[in-house]
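Just run10.cif here, mmCIF, C-alpha atoms:
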```cif
data_my_file
loop_
_atom_site.label_atom_id
_atom_site.label_comp_id
_atom_site.auth_asym_id
_atom_site.auth_seq_id
_atom_site.Cartn_x
_atom_site.Cartn_y
_atom_site.Cartn_z
CA MET A 6 -11.56 42.18 33.35
CA SER A 7 -10.04 40.48 30.58
CA HIS A 8 -6.76 41.99 31.46
CA LEU A 9 -5.16 38.68 30.78
CA GLU A 10 -1.83 38.82 29.12
CA SER A 11 1.48 37.42 28.21
CA GLY A 12 3.53 36.03 25.44
CA PHE A 13 6.43 35.42 27.83
CA CYS A 14 7.81 31.97 27.21
CA VAL A 15 9.17 29.75 29.99
CA THR A 16 11.22 26.75 28.91
CA ASP A 17 12.91 25.89 32.21
CA ILE A 18 10.31 25.25 34.93
CA GLU A 19 13.02 24.30 37.42
CA ALA A 20 14.69 27.68 36.91
CA LEU A 21 11.35 29.38 37.48
CA ALA A 22 10.74 27.35 40.65
CA LEU A 23 14.19 28.25 42.00
CA THR A 24 13.70 31.93 41.14
CA GLN A 25 10.29 32.03 42.79
CA LYS A 26 11.70 30.38 45.95
CA GLU A 27 14.61 32.82 46.11
CA GLN A 28 12.73 36.06 45.62
CA CYS A 29 9.00 35.59 46.18
CA PRO A 30 8.70 34.53 49.85
CA GLU A 31 4.90 34.78 49.94
CA LEU A 32 4.33 32.62 46.88
CA GLN A 33 4.61 28.98 45.82
CA LEU A 34 4.82 27.17 42.50
CA VAL A 35 2.60 24.11 42.34
CA ARG A 36 1.39 21.61 39.78
CA GLN A 37 -2.19 22.75 39.16
CA LYS A 38 -4.54 22.89 36.19
CA THR A 39 -6.68 25.90 37.12
CA TYR A 40 -5.42 29.43 37.64
CA ARG A 41 -7.70 32.03 39.10
CA THR A 42 -8.72 35.03 36.98
CA TRP A 43 -11.81 37.18 36.52
CA ALA A 44 -12.96 34.60 33.97
CA THR A 45 -12.83 31.70 36.44
CA ASP A 46 -14.61 33.83 39.08
CA HIS A 47 -17.31 35.22 36.77
CA GLY A 48 -17.62 32.60 34.07
CA LYS A 49 -16.35 34.68 31.15
CA LEU A 50 -13.98 37.39 30.01
CA VAL A 51 -15.33 40.92 29.78
CA GLY A 52 -13.80 41.45 26.35
CA ASP A 53 -12.29 44.88 26.98
CA TYR A 54 -8.84 43.61 25.94
CA PRO A 55 -7.91 41.50 22.94
CA LEU A 56 -7.71 37.80 23.68
CA PRO A 57 -4.10 36.83 24.52
CA GLY A 58 -2.15 35.22 21.70
CA VAL A 59 -2.21 31.70 23.10
CA TYR A 60 -6.01 31.84 23.34
CA GLN A 61 -6.32 33.32 19.86
CA VAL A 62 -4.45 30.26 18.60
CA LYS A 63 -6.72 27.96 20.62
CA LEU A 64 -9.82 29.72 19.30
CA MET A 65 -8.63 29.33 15.72
CA ALA A 66 -7.84 25.65 16.33
CA ALA A 67 -11.35 25.08 17.70
CA LEU A 68 -12.95 26.73 14.66
CA LYS A 69 -10.75 24.83 12.22
CA LYS A 70 -11.80 21.60 13.95
CA GLN A 71 -15.40 22.56 13.10
CA GLY A 72 -14.35 22.89 9.45
CA VAL A 73 -14.36 26.69 9.38
CA ASP A 74 -12.01 28.35 6.88
CA VAL A 75 -10.81 30.89 9.45
CA HIS A 76 -8.73 32.93 7.02
CA ALA A 77 -11.67 33.41 4.64
CA ALA A 78 -14.14 34.09 7.48
CA ALA A 79 -11.80 36.68 9.02
CA LYS A 80 -11.15 38.30 5.65
CA ALA A 81 -14.91 38.68 5.16
CA GLN A 82 -14.87 40.83 8.33
CA GLY A 83 -11.90 42.87 7.12
CA VAL A 84 -9.27 41.10 9.23
CA THR A 85 -6.21 39.45 7.70
CA LEU A 86 -4.95 36.54 9.79
CA PRO A 87 -1.30 35.43 9.49
CA ALA A 88 -0.73 32.49 7.15
CA ASN A 89 0.83 30.63 10.08
CA LEU A 90 -1.72 31.00 12.87
CA LEU A 91 1.00 30.36 15.47
CA ASP A 92 2.27 33.85 14.64
CA LEU A 93 -0.71 35.09 16.69
CA LEU A 94 1.29 34.07 19.78
CA LYS A 95 3.74 36.94 19.30
CA LYS A 96 1.52 39.27 17.31
CA PRO A 97 -2.07 38.84 18.44
CA TRP A 98 -4.93 40.62 16.73
CA THR A 99 -5.98 43.96 18.22
CA LEU A 100 -9.17 44.77 20.10
CA ALA A 101 -10.46 46.65 17.04
CA GLU A 102 -9.84 43.56 14.89
CA GLN A 103 -11.46 41.36 17.53
CA LYS A 104 -14.61 43.51 17.42
CA LYS A 105 -14.68 43.10 13.65
CA LEU A 106 -14.29 39.32 13.95
CA PHE A 107 -17.15 39.14 16.44
CA GLN A 108 -19.54 40.51 13.83
CA ASP A 109 -19.40 36.92 12.60
CA ASP A 110 -21.33 34.82 15.10
CA LYS A 111 -18.99 31.85 14.61
CA PHE A 112 -16.10 33.80 16.14
CA LYS A 113 -18.24 35.23 18.97
CA LYS A 114 -19.68 31.83 19.93
CA ALA A 115 -16.24 30.20 19.89
CA TYR A 116 -14.88 33.07 22.02
CA ASP A 117 -17.68 32.72 24.59
CA LYS A 118 -17.08 28.97 24.83
CA LEU A 119 -13.31 29.41 25.18
CA SER A 120 -13.77 32.21 27.68
CA SER A 121 -16.00 30.12 29.95
CA GLU A 122 -14.47 26.66 29.51
CA VAL A 123 -10.79 26.99 28.67
CA VAL A 124 -9.33 30.24 30.05
CA GLY A 125 -8.03 29.58 33.56
CA ASN A 126 -8.50 25.82 33.23
CA ASP A 127 -5.56 24.95 31.00
CA ALA A 128 -2.41 25.44 33.09
CA GLU A 129 0.09 22.79 34.07
CA PHE A 130 1.81 24.79 36.83
CA VAL A 131 0.59 27.74 38.87
CA ILE A 132 2.28 30.40 41.00
CA LYS A 133 0.03 31.52 43.82
CA TYR A 134 0.04 32.77 47.40
CA LYS A 135 1.01 30.35 50.13
CA GLU A 136 -1.77 29.47 52.57
CA GLY A 137 -2.62 32.45 54.77
CA LYS A 138 -0.81 34.98 52.57
CA GLY A 139 -2.34 37.68 50.38
CA ARG A 140 -5.95 38.59 49.68
CA SER A 141 -8.48 35.80 49.60
CA ASP A 142 -9.54 36.91 46.11
CA ALA A 143 -5.99 37.16 44.70
CA TYR A 144 -5.54 35.94 41.15
CA GLU A 145 -2.86 33.41 40.17
CA ILE A 146 -0.15 33.07 37.50
CA GLY A 147 -0.76 30.15 35.14
CA LEU A 148 1.93 28.37 33.15
CA VAL A 149 -0.06 27.34 30.10
CA PRO A 150 1.56 24.74 27.81
CA HIS A 151 2.61 26.10 24.42
CA PRO A 152 0.10 24.92 21.79
CA VAL A 153 2.82 23.10 19.83
CA ASN A 154 6.20 23.08 21.58
CA LYS A 155 6.42 20.46 24.30
CA GLY A 156 8.10 21.65 27.50
CA GLU A 157 7.45 25.32 26.79
CA TYR A 158 4.92 27.38 28.73
CA LEU A 159 3.32 30.78 28.37
CA MET A 160 3.11 32.77 31.58
CA MET A 161 -0.41 34.13 32.03
CA THR A 162 -2.14 36.23 34.64
CA ASP A 163 -5.02 38.62 35.09
CA PHE A 164 -3.38 41.92 35.97
CA TYR A 165 -6.63 43.70 36.86
CA ALA A 166 -6.14 45.52 40.22
CA GLN A 167 -2.57 44.14 40.27
CA GLY A 168 -4.02 40.65 40.05
CA ASN A 169 -6.12 41.45 43.14
CA GLY A 170 -2.86 42.04 44.96
CA LEU A 171 -0.78 39.16 43.62
CA LEU A 172 1.53 41.40 41.58
CA LYS A 173 2.26 43.53 44.67
CA SER A 174 3.76 40.53 46.42
CA PRO A 175 7.54 40.99 46.88
CA GLY A 176 9.67 39.84 43.97
CA VAL A 177 6.94 39.66 41.31
CA GLY A 178 6.71 43.11 39.72
CA GLN A 179 3.61 45.19 39.24
CA HIS A 180 1.49 45.76 36.16
CA LYS A 181 2.58 48.65 33.97
CA PRO A 182 0.03 49.93 31.49
CA GLY A 183 0.95 50.10 27.82
CA ALA A 184 -1.03 50.25 24.62
CA GLN A 185 -3.70 47.55 24.78
CA GLY A 186 -2.09 44.20 24.23
CA SER A 187 1.34 45.47 25.27
CA ASP A 188 0.88 45.93 29.02
CA SER A 189 3.65 44.42 31.10
CA TRP A 190 3.63 42.79 34.51
CA GLY A 191 5.82 40.52 36.62
CA GLY A 192 9.01 42.21 35.42
CA GLU A 193 11.05 41.36 38.53
CA LEU A 194 10.16 37.67 38.37
CA LYS A 195 10.58 37.43 34.58
CA LYS A 196 13.94 39.20 34.68
CA ALA A 197 15.32 37.03 37.48
CA TYR A 198 14.00 33.89 35.79
CA ALA A 199 15.63 34.86 32.48
CA VAL A 200 19.00 35.45 34.19
CA LYS A 201 18.79 32.10 35.97
CA ALA A 202 17.69 30.23 32.84
CA ALA A 203 20.57 31.82 30.89
CA GLU A 204 23.17 30.88 33.50
CA ARG A 205 21.86 27.32 33.82
CA THR A 206 22.04 26.91 30.04
CA ILE A 207 25.56 28.32 29.83
CA GLN A 208 26.78 26.08 32.67
CA LYS A 209 25.16 23.06 30.99
CA GLU A 210 26.86 23.84 27.66
CA ILE A 211 30.25 24.37 29.35
CA LYS A 212 29.85 21.00 31.10
CA ALA A 213 28.84 19.35 27.81
CA GLY A 214 32.01 20.63 26.15
CA ASN A 215 30.35 22.96 23.62
CA SER A 216 33.32 24.91 22.20
CA GLU A 217 31.24 28.12 21.90
CA PHE A 218 30.84 28.14 25.67
CA GLY A 219 34.20 28.60 27.42
CA SER A 220 33.46 31.11 30.15
CA TYR A 221 31.04 33.92 30.91
CA LYS A 222 30.72 37.11 32.88
CA LYS A 223 27.56 38.76 34.16
CA VAL A 224 27.20 42.47 34.86
CA THR A 225 24.30 44.65 35.96
CA LEU A 226 24.21 47.85 33.91
CA PRO A 227 23.44 51.24 35.55
CA ASP A 228 19.86 51.12 34.21
CA GLY A 229 19.27 47.73 35.84
CA ARG A 230 19.57 45.58 32.73
CA VAL A 231 21.67 42.45 33.07
CA LYS A 232 24.28 41.71 30.41
CA ILE A 233 25.91 38.30 30.10
CA GLU A 234 28.84 37.77 27.73
CA VAL A 235 29.84 34.26 26.74
CA THR A 236 33.34 33.69 25.36
CA PRO A 237 34.25 30.53 23.41
CA LYS A 238 36.86 28.07 24.63
CA ASN A 239 39.67 29.51 22.51
CA GLY A 240 38.96 33.02 23.69
CA GLY A 241 36.88 33.84 20.64
CA MET A 242 39.74 34.42 18.23
CA GLN A 243 38.95 33.47 14.63
CA MET B 2 36.50 38.14 18.45
CA ARG B 3 33.53 35.82 18.69
CA LYS B 4 31.15 36.06 21.62
CA ILE B 5 27.51 35.67 22.57
CA VAL B 6 25.87 38.60 24.33
CA ILE B 7 22.64 38.19 26.28
CA THR B 8 20.82 41.28 27.51
CA ILE B 9 17.88 41.00 29.89
CA ASP B 10 15.91 44.17 30.54
CA ASN B 11 13.88 45.12 33.60
CA ASP B 12 10.68 43.58 32.20
CA GLY B 13 12.42 40.29 31.46
CA GLU B 14 12.71 40.98 27.75
CA THR B 15 15.73 39.07 26.46
CA THR B 16 17.98 39.63 23.48
CA VAL B 17 20.54 37.06 22.36
CA GLU B 18 23.22 38.28 19.98
CA ALA B 19 26.01 36.38 18.26
CA VAL B 20 28.87 38.76 17.58
CA GLY B 21 31.81 38.19 15.24
CA HIS B 22 30.62 34.90 13.78
CA LYS B 23 31.27 34.07 10.14
CA GLY B 24 28.75 32.53 7.78
CA GLY B 25 25.84 30.80 9.43
CA THR B 26 27.72 29.74 12.57
CA CYS B 27 25.87 32.23 14.76
CA VAL B 28 22.64 30.23 14.61
CA LYS B 29 24.45 27.13 15.86
CA ALA B 30 26.31 29.12 18.52
CA THR B 31 23.24 30.82 19.97
CA GLN B 32 20.80 27.91 19.55
CA PRO B 33 21.02 26.58 23.14
CA LEU B 34 20.41 30.04 24.55
CA THR B 35 17.65 31.06 22.17
CA GLN B 36 15.93 27.74 22.82
CA ALA B 37 16.18 28.28 26.60
CA LEU B 38 15.32 31.97 26.72
CA ILE B 39 13.01 32.50 23.80
CA GLY B 40 11.61 29.09 23.05
CA THR B 41 11.13 27.96 19.50
CA PRO B 42 11.83 31.22 17.66
CA THR B 43 9.10 32.86 15.65
CA THR B 44 11.09 35.98 14.89
CA SER B 45 14.72 36.21 13.95
CA VAL B 46 16.27 39.52 12.97
CA LYS B 47 19.29 38.98 10.76
CA LYS B 48 21.72 41.85 10.50
CA PRO B 49 23.51 42.73 7.25
CA GLU B 50 26.56 40.79 8.46
CA PHE B 51 24.55 37.59 8.01
CA TYR B 52 24.75 38.06 4.27
CA GLN B 53 28.37 39.22 4.32
CA GLY B 54 29.99 36.36 6.09
CA ASP B 55 30.61 38.09 9.44
CA HIS B 56 27.45 37.31 11.26
CA GLN B 57 25.54 38.92 14.08
CA GLN B 58 22.07 37.74 14.98
CA GLN B 59 19.47 38.92 17.46
CA GLN B 60 16.50 37.09 18.84
CA LYS B 61 14.09 38.34 21.46
CA ASN B 62 11.67 37.05 24.07
CA THR B 63 9.13 39.77 24.69
CA ASN B 64 6.31 40.15 27.16
#
```

Do you think you could lay out the structure here as structure tokens?
Amino acid sequence: MSHLESGFCVTDIEALALTQKEQCPELQLVRQKTYRTWATDHGKLVGDYPLPGVYQVKLMAALKKQGVDVHAAAKAQGVTLPANLLDLLKKPWTLAEQKKLFQDDKFKKAYDKLSSEVVGNDAEFVIKYKEGKGRSDAYEIGLVPHPVNKGEYLMMTDFYAQGNGLLKSPGVGQHKPGAQGSDSWGGELKKAYAVKAAERTIQKEIKAGNSEFGSYKKVTLPDGRVKIEVTPKNGGMQ
Amino acid sequence: MRKIVITIDNDGETTVEAVGHKGGTCVKATQPLTQALIGTPTTSVKKPEFYQGDHQQQQKNTN
């Protein structure tokens, strides 16, 4: 593989736990550091996909710690890194750019080390099959702490072969191919989580007396999207 | 009329919009929701209204 992906940010673990309980009967969310992927099974990523954004940031941080001027080193290989390396989270480098970077042994060595030691070993929470459910080789969804923002997590999984069956489990949502680096997976779970996180936030703000949050209505549009409109306390009149 | 509109698509991609806000009030109005749904924003698309006083703002959480 290396079909490891996601920039999807989770800020409300409790909302995710509730969502998973409500709609993914075969799965459980547990506190766990490791999440199973091809890399944890085979010791390294294959490298046929660009490294996910969160791991690009971690790779750059490791190189900077060694005193490497990553911007200059990347530029020497024809790759322009963003001034703020955290921007790699939302706009990771492409596979073509990764291949260019790996012409410099520093990048390749750091990638191999990260691939074997960090990927799959850096989660705080994991969503996985309950005992006795699913394939014995099923992968897992890792909630990897954001490199900077405390309390925020990036949802990661290996979507190869539908995560060895994990993504076929009811309520999760299967992998849908896109251009490399833009594949999507877990749509059902992510959508339901986002709706729950939004409603919990709105209810919290109403309770706290925030004047911008008076009431709200939620509708499901014909194409399946969910629209939530929040009206201020005074009805929104200027 | 002021309101906040949240749209969540079938892949979980979320857009938070502040509609009808004047000046920079939209950022304050949407902050709790953008923080919850998008995390610390790295991208903020400001519409022309931002610079005209009547302010609409969109922020997204993408896969």

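Using all atoms listed in the file for every distance, the candidate list A:Leu91, A:Ala101, A:Val75, A:Val149 yields A:Leu91 as the residue closest to chain B.
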
Tell me as a compact mmCIF listing (two decimals) with C-alpha atoms, in the coordinates of the input which residues belonging to chain A come within 8 Å of chain B, counting only C-alpha atoms.
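Written output follows (iface.txt):
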```
# COMPACT_ATOMS: atom_id res chain seq x y z
CA SER A 11 1.48 37.42 28.21
CA GLY A 12 3.53 36.03 25.44
CA PHE A 13 6.43 35.42 27.83
CA CYS A 14 7.81 31.97 27.21
CA VAL A 15 9.17 29.75 29.99
CA THR A 16 11.22 26.75 28.91
CA ASP A 17 12.91 25.89 32.21
CA ASP A 92 2.27 33.85 14.64
CA LYS A 95 3.74 36.94 19.30
CA ASN A 154 6.20 23.08 21.58
CA GLU A 157 7.45 25.32 26.79
CA SER A 187 1.34 45.47 25.27
CA SER A 189 3.65 44.42 31.10
CA TRP A 190 3.63 42.79 34.51
CA GLY A 191 5.82 40.52 36.62
CA GLY A 192 9.01 42.21 35.42
CA GLU A 193 11.05 41.36 38.53
CA LEU A 194 10.16 37.67 38.37
CA LYS A 195 10.58 37.43 34.58
CA LYS A 196 13.94 39.20 34.68
CA ALA A 197 15.32 37.03 37.48
CA TYR A 198 14.00 33.89 35.79
CA ALA A 199 15.63 34.86 32.48
CA VAL A 200 19.00 35.45 34.19
CA ALA A 202 17.69 30.23 32.84
CA ALA A 203 20.57 31.82 30.89
CA THR A 206 22.04 26.91 30.04
CA ILE A 207 25.56 28.32 29.83
CA GLU A 210 26.86 23.84 27.66
CA GLU A 217 31.24 28.12 21.90
CA GLY A 229 19.27 47.73 35.84
CA ARG A 230 19.57 45.58 32.73
CA VAL A 231 21.67 42.45 33.07
CA LYS A 232 24.28 41.71 30.41
CA ILE A 233 25.91 38.30 30.10
CA GLU A 234 28.84 37.77 27.73
CA VAL A 235 29.84 34.26 26.74
CA THR A 236 33.34 33.69 25.36
CA PRO A 237 34.25 30.53 23.41
CA GLY A 240 38.96 33.02 23.69
CA GLY A 241 36.88 33.84 20.64
CA MET A 242 39.74 34.42 18.23
CA GLN A 243 38.95 33.47 14.63
```

Handout entry: Counting all atoms listed in the file, the option among A:Asp228, A:His151, A:Pro87, A:Gly139 closest to A:Pro175
Key =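 The shortest atom-to-atom distance to A:Pro175 comes from A:Gly139.
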
Handout entry: Interatomic distance (Å, one decimal) between atom CA of A:Tyr165 and atom CA of A:His180
Key =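 Rounded to one decimal, the two atoms are 8.4 Å apart.
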
Practice task
Give me, please, the distance in Å between atom CA of A:Pro152 and atom CA of A:Val131, quoted to one decimal.
Solution key: 17.3 Å

Selection near A:Ala67, 10 Å with all atoms listed in the file, sequence-local residues under 3 positions removed, as a PDB file with C-alpha atoms, keeping the file's coordinate frame:
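Produced file selection24.pdb, reproduced below:
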```
ATOM      1  CA  GLN A  61      -6.320  33.320  19.860  1.00  0.00           C
ATOM      2  CA  VAL A  62      -4.450  30.260  18.600  1.00  0.00           C
ATOM      3  CA  LYS A  63      -6.720  27.960  20.620  1.00  0.00           C
ATOM      4  CA  LEU A  64      -9.820  29.720  19.300  1.00  0.00           C
ATOM      5  CA  LYS A  70     -11.800  21.600  13.950  1.00  0.00           C
ATOM      6  CA  GLN A  71     -15.400  22.560  13.100  1.00  0.00           C
ATOM      7  CA  GLY A  72     -14.350  22.890   9.450  1.00  0.00           C
ATOM      8  CA  VAL A  73     -14.360  26.690   9.380  1.00  0.00           C
ATOM      9  CA  ALA A 115     -16.240  30.200  19.890  1.00  0.00           C
ATOM     10  CA  TYR A 116     -14.880  33.070  22.020  1.00  0.00           C
ATOM     11  CA  LYS A 118     -17.080  28.970  24.830  1.00  0.00           C
ATOM     12  CA  LEU A 119     -13.310  29.410  25.180  1.00  0.00           C
TER      13      LEU A 119
END
```

Exercise for the section: Could you tell me how far atom CA of A:Leu94 lies from atom CA of A:Gln28, in Å and to one decimal? Expected result: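 Value for the atom CA of A:Leu94-atom CA of A:Gln28 distance: 28.3 Å.
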
Practice task
Apply the PyMOL selection byres ((chain A and resi 33-36) around 9) to the displayed file and report the matching residues as number ranges by chain.
Solution key: A: 21-22, 25-26, 29-32, 37-38, 128-135
